[in-house]
Amino acid sequence: MANLIDGKAVSAAVKAQVKTECEALKSEGVTVGLAVVIVGDNPASRVYVNNKKKACAEVGFESYEYALPEETTQQELLELVDKLNGDSKVNGILVQLPLPRHIDENAVINAISPVKDVDAFHPRNVGHIMIGDYAFLPCTPAGVMELIASTGVEVEGKNCVVIGRSNIVGKPMAMLLLHKNGTVTITHSRTKNLKEICAGADILVAAVGKAGFVTEDMVKPGAVVIDVGMNRNAEGKLCGDVDFEACKEKARYITPVPGGVGPMTIAMLMRNTLTAARIQRK
Ligand code: GUN
């Protein structure tokens, strides 16, 4: 039976540190603010946005919610982003994805000022991540790195396999593991011999979006298994990409869903927002 990686505990420690630093800034007259923009009524996005606002209150940030109707035009959203770029109370801007289909996500991401881009989605920040010289951490991958660090397992020299190649998780995840000297393989839906590749991973990160995708035969005995998935199974229960019950018998460390990666993404967003406030102060 694997050791459970406690995302709630690790995220609480990150948020506690952010809170302390936020209080120090407050004593110097600086208030930290995050604008959270949601378009439409995607129920999962609503839950994420509520959790982000709650985390802001916990660490002492102001949060400003902009809940726009589904029929908002791209132009209207770009005008809001432009207004927030110029608002000195707003240190970070988060536009919750996915956006309705009639809005070009890249156009919106490109419009966010790179110094307020607390998701690190802007091409300029993505470029910094690629180079390894960055202020803003990509939230979910950075949260995964914290969880791996909490196990005491070194990334250096390890076979690291990432399942999924999204801009939000898979690609930046691979970069962060590479920066720690992991030997990184990015796999995806067209990968041949996926099971064999995964079964050779010392560190396996699943970001697929399919419940139960990672089966026990894909886990190397003693591996660290990180589950980024957030799915609903046939009974409507929240579950990850990993068949947890079977894989926990083989892994040495494994994240649960919920309570693993999810809370970390939000904690890292808080850290980025604090960083944004510091950068803008200079
Ligand atoms: N949708 C799913 N994950 C994320 C995230 O990390 N940031 C934003 N803005 N939208 C998301």
# chains A, B, ... in the order shown; residues from 1 in each chain; ligands from 1
$ residues_around --residues "Val184 of chain A" --least-positions-apart "3" --cutoff "8 Å" --atoms "only C-alpha atoms" --output "CSV table (one decimal) with C-alpha atoms, in the first residue's frame"
chain,number,residue,atom,x,y,z
A,159,ASN,CA,12.4,8.4,-15.7
A,160,CYS,CA,9.5,10.9,-15.7
A,161,VAL,CA,6.5,10.2,-17.9
A,162,VAL,CA,3.8,12.8,-18.4
A,174,ALA,CA,7.5,18.3,-18.8
A,177,LEU,CA,10.6,18.1,-14.5
A,178,LEU,CA,13.4,18.7,-17.1
$ closest_atom_pairs --of "chain A" --to "ligand 1" --cutoff "9 Å" --atoms "only C-alpha atoms and all ligand atoms" --output "CSV"
residue,atom,partner,partner_atom_place_in_ligand_line,distance
A:Val36,CA,ligand 1,9 (N),8.5
A:Val37,CA,ligand 1,9 (N),8.5
A:Ile38,CA,ligand 1,9 (N),8.9
A:Ala44,CA,ligand 1,2 (C),9.0
A:Ser45,CA,ligand 1,1 (N),7.0
A:Tyr48,CA,ligand 1,1 (N),8.0
A:Val49,CA,ligand 1,10 (N),8.9
A:Ile93,CA,ligand 1,9 (N),8.8
A:Leu94,CA,ligand 1,9 (N),5.2
A:Val95,CA,ligand 1,9 (N),4.7
A:Gln96,CA,ligand 1,9 (N),3.7
A:Leu97,CA,ligand 1,10 (N),3.8
A:Pro98,CA,ligand 1,1 (N),5.9
A:Leu99,CA,ligand 1,10 (N),8.9
A:Val118,CA,ligand 1,9 (N),8.7
A:Asp119,CA,ligand 1,7 (N),5.7
A:Ala120,CA,ligand 1,7 (N),8.9
A:Phe121,CA,ligand 1,9 (N),8.3
A:Pro138,CA,ligand 1,6 (O),7.9
A:Cys139,CA,ligand 1,6 (O),6.1
A:Thr140,CA,ligand 1,6 (O),6.3
A:Ile168,CA,ligand 1,6 (O),6.6
A:Val169,CA,ligand 1,6 (O),8.3
A:Thr265,CA,ligand 1,6 (O),6.7
A:Ile266,CA,ligand 1,6 (O),8.0
A:Leu269,CA,ligand 1,6 (O),8.2
$ residues_around --residues "Leu34 of chain A" --least-positions-apart "6" --cutoff "12 Å" --atoms "only C-alpha atoms" --output "JSON, numbers by chain"
{"A": [49, 52, 53, 54, 55, 56, 57, 59, 60, 61, 62, 63, 64, 65, 66, 84, 85, 87, 88, 89, 90, 91, 92, 93, 94, 95, 116, 117, 118, 119, 269, 270, 271, 272, 273, 274, 275, 276, 277]}
$ residues_around --residues "segment 2-4 of chain A" --least-positions-apart "4" --cutoff "6 Å" --atoms "only C-alpha atoms" --output "list in words"
Lys248, Ala251, Arg252, Tyr253, Ile254 and Thr255 of chain A
$ residues_around --residues "Leu78 of chain A" --least-positions-apart "5" --cutoff "12 Å" --atoms "only C-alpha atoms" --output "ChimeraX atom specification"
/A:37,72-73,83-85,95,103-113
$ closest_residue --among "A:Asn42, A:Thr31, A:Asn51, A:Asn193" --to "Met264 of chain A" --atoms "only C-alpha atoms"
A:Asn51
$ closest_residue --among "A:Thr20, A:Gln74, A:Thr215, A:Ser11" --to "Gly262 of chain A" --atoms "only C-alpha atoms"
A:Ser11
$ closest_residue --among "A:Val225, A:Ala9, A:Met268, A:Ala211" --to "Cys239 of chain A" --atoms "only C-alpha atoms"
A:Ala211
$ select_by_dssp --residues "segment 96-213 of chain A" --states "strand (DSSP E)" --output "CSV table (one decimal) with N, CA, C and O atoms, in the first residue's frame"
chain,number,residue,atom,x,y,z
A,159,ASN,N,13.3,8.5,-14.5
A,159,ASN,CA,12.4,8.4,-15.7
A,159,ASN,C,11.1,9.1,-15.3
A,159,ASN,O,10.4,8.5,-14.4
A,160,CYS,N,10.8,10.2,-16.0
A,160,CYS,CA,9.5,10.9,-15.7
A,160,CYS,C,8.6,10.8,-16.9
A,160,CYS,O,9.1,11.1,-18.0
A,161,VAL,N,7.4,10.3,-16.7
A,161,VAL,CA,6.5,10.2,-17.9
A,161,VAL,C,5.3,11.0,-17.6
A,161,VAL,O,4.7,10.9,-16.5
A,162,VAL,N,5.0,11.9,-18.5
A,162,VAL,CA,3.8,12.8,-18.4
A,162,VAL,C,2.8,12.3,-19.5
A,162,VAL,O,3.1,12.1,-20.6
A,163,ILE,N,1.6,12.0,-19.0
A,163,ILE,CA,0.5,11.6,-20.0
A,163,ILE,C,-0.3,12.8,-20.2
A,163,ILE,O,-1.0,13.3,-19.3
A,183,THR,N,14.6,12.7,-16.7
A,183,THR,CA,14.6,12.3,-18.1
A,183,THR,C,13.1,12.2,-18.5
A,183,THR,O,12.4,11.3,-17.9
A,184,VAL,N,12.7,13.1,-19.3
A,184,VAL,CA,11.2,13.3,-19.4
A,184,VAL,C,10.7,12.7,-20.8
A,184,VAL,O,11.2,13.0,-21.8
A,185,THR,N,9.6,12.0,-20.7
A,185,THR,CA,8.9,11.5,-21.9
A,185,THR,C,7.5,12.1,-21.8
A,185,THR,O,6.8,12.0,-20.8
A,186,ILE,N,7.0,12.8,-22.9
A,186,ILE,CA,5.7,13.3,-23.0
A,186,ILE,C,4.9,12.3,-23.8
A,186,ILE,O,5.3,12.0,-25.0
A,187,THR,N,3.8,11.7,-23.3
A,187,THR,CA,3.0,10.8,-24.1
A,187,THR,C,1.6,11.4,-24.3
A,187,THR,O,1.2,12.4,-23.6
A,203,ILE,N,8.5,8.4,-12.0
A,203,ILE,CA,7.5,9.4,-11.6
A,203,ILE,C,6.5,9.5,-12.8
A,203,ILE,O,6.9,9.7,-13.9
A,204,LEU,N,5.3,9.2,-12.5
A,204,LEU,CA,4.2,9.2,-13.5
A,204,LEU,C,3.2,10.3,-13.2
A,204,LEU,O,2.7,10.3,-12.1
A,205,VAL,N,3.0,11.2,-14.2
A,205,VAL,CA,2.0,12.3,-14.0
A,205,VAL,C,0.9,12.1,-15.0
A,205,VAL,O,1.2,12.1,-16.3
A,206,ALA,N,-0.3,11.9,-14.6
A,206,ALA,CA,-1.4,11.6,-15.5
A,206,ALA,C,-2.3,12.9,-15.6
A,206,ALA,O,-2.8,13.4,-14.6
$ select_by_dssp --residues "segment 1-237 of chain A" --states "helix (DSSP H, G or I)" --output "number ranges by chain"
A: 7-27, 43-59, 74-85, 105-111, 114-116, 123-131, 139-151, 170-179, 194-199, 216-218
$ closest_residue --among "A:Ala199, A:Ala35, A:Ala13, A:Ile5" --to "Val144 of chain A" --atoms "only C-alpha atoms"
A:Ile5
$ residues_around --residues "Gly157 of chain A" --least-positions-apart "6" --cutoff "9 Å" --atoms "only C-alpha atoms" --output "ChimeraX atom specification"
/A:180-183
$ write_last_selection --atoms "all heavy atoms" --output "compact mmCIF listing (two decimals), in the first residue's frame"
# COMPACT_ATOMS: atom_id res chain seq x y z
N LYS A 180 14.53 20.09 -13.38
CA LYS A 180 15.06 19.38 -12.20
C LYS A 180 15.89 18.16 -12.62
O LYS A 180 16.10 17.24 -11.82
CB LYS A 180 13.90 18.93 -11.29
CG LYS A 180 13.23 20.07 -10.55
CD LYS A 180 14.06 20.48 -9.34
CE LYS A 180 13.39 21.62 -8.59
NZ LYS A 180 14.36 22.37 -7.78
N ASN A 181 16.27 18.12 -13.89
CA ASN A 181 17.14 17.06 -14.41
C ASN A 181 16.50 15.68 -14.47
O ASN A 181 17.19 14.66 -14.37
CB ASN A 181 18.46 16.98 -13.62
CG ASN A 181 19.23 18.28 -13.71
OD1 ASN A 181 19.27 18.91 -14.77
ND2 ASN A 181 19.80 18.71 -12.60
N GLY A 182 15.16 15.66 -14.61
CA GLY A 182 14.49 14.39 -14.90
C GLY A 182 14.70 14.03 -16.36
O GLY A 182 15.00 14.89 -17.19
N THR A 183 14.58 12.74 -16.68
CA THR A 183 14.59 12.28 -18.08
C THR A 183 13.12 12.15 -18.46
O THR A 183 12.42 11.28 -17.95
CB THR A 183 15.31 10.93 -18.19
OG1 THR A 183 16.63 11.10 -17.66
CG2 THR A 183 15.38 10.46 -19.63
$ residues_around --residues "Val228 of chain A" --least-positions-apart "5" --cutoff "7 Å" --atoms "only C-alpha atoms" --output "ChimeraX atom specification"
/A:206-207,240,261
$ write_last_selection --atoms "all heavy atoms" --output "JSON list (two decimals), in the first residue's frame"
[["chain", "number", "residue", "atom", "x", "y", "z"],
["A", 206, "ALA", "N", -0.28, 11.87, -14.58],
["A", 206, "ALA", "CA", -1.40, 11.63, -15.50],
["A", 206, "ALA", "C", -2.26, 12.89, -15.61],
["A", 206, "ALA", "O", -2.79, 13.37, -14.62],
["A", 206, "ALA", "CB", -2.24, 10.47, -14.98],
["A", 207, "ALA", "N", -2.35, 13.41, -16.83],
["A", 207, "ALA", "CA", -3.19, 14.59, -17.09],
["A", 207, "ALA", "C", -3.94, 14.33, -18.40],
["A", 207, "ALA", "O", -3.68, 14.95, -19.41],
["A", 207, "ALA", "CB", -2.34, 15.84, -17.17],
["A", 240, "GLY", "N", -10.06, 10.71, -10.43],
["A", 240, "GLY", "CA", -8.95, 11.16, -11.27],
["A", 240, "GLY", "C", -8.79, 10.31, -12.52],
["A", 240, "GLY", "O", -9.73, 9.62, -12.95],
["A", 261, "VAL", "N", -3.80, 16.99, -6.23],
["A", 261, "VAL", "CA", -3.29, 18.12, -7.03],
["A", 261, "VAL", "C", -4.21, 19.35, -6.96],
["A", 261, "VAL", "O", -3.73, 20.48, -6.96],
["A", 261, "VAL", "CB", -3.10, 17.66, -8.51],
["A", 261, "VAL", "CG1", -2.70, 18.83, -9.39],
["A", 261, "VAL", "CG2", -2.06, 16.55, -8.59]]
$ closest_residue --among "A:Asp41, A:Asp217, A:Asp241, A:Lys171" --to "Lys195 of chain A" --atoms "only C-alpha atoms"
A:Asp217
$ closest_residue --among "A:Glu216, A:Glu79, A:Glu146, A:Glu21" --to "Asp6 of chain A" --atoms "only C-alpha atoms"
A:Glu146
$ atom_distance --atom1 "atom CA of Leu77 of chain A" --atom2 "atom CA of Ser166 of chain A"
23.5 Å
$ atom_distance --atom1 "atom CA of Met173 of chain A" --atom2 "atom CA of Met145 of chain A"
8.4 Å
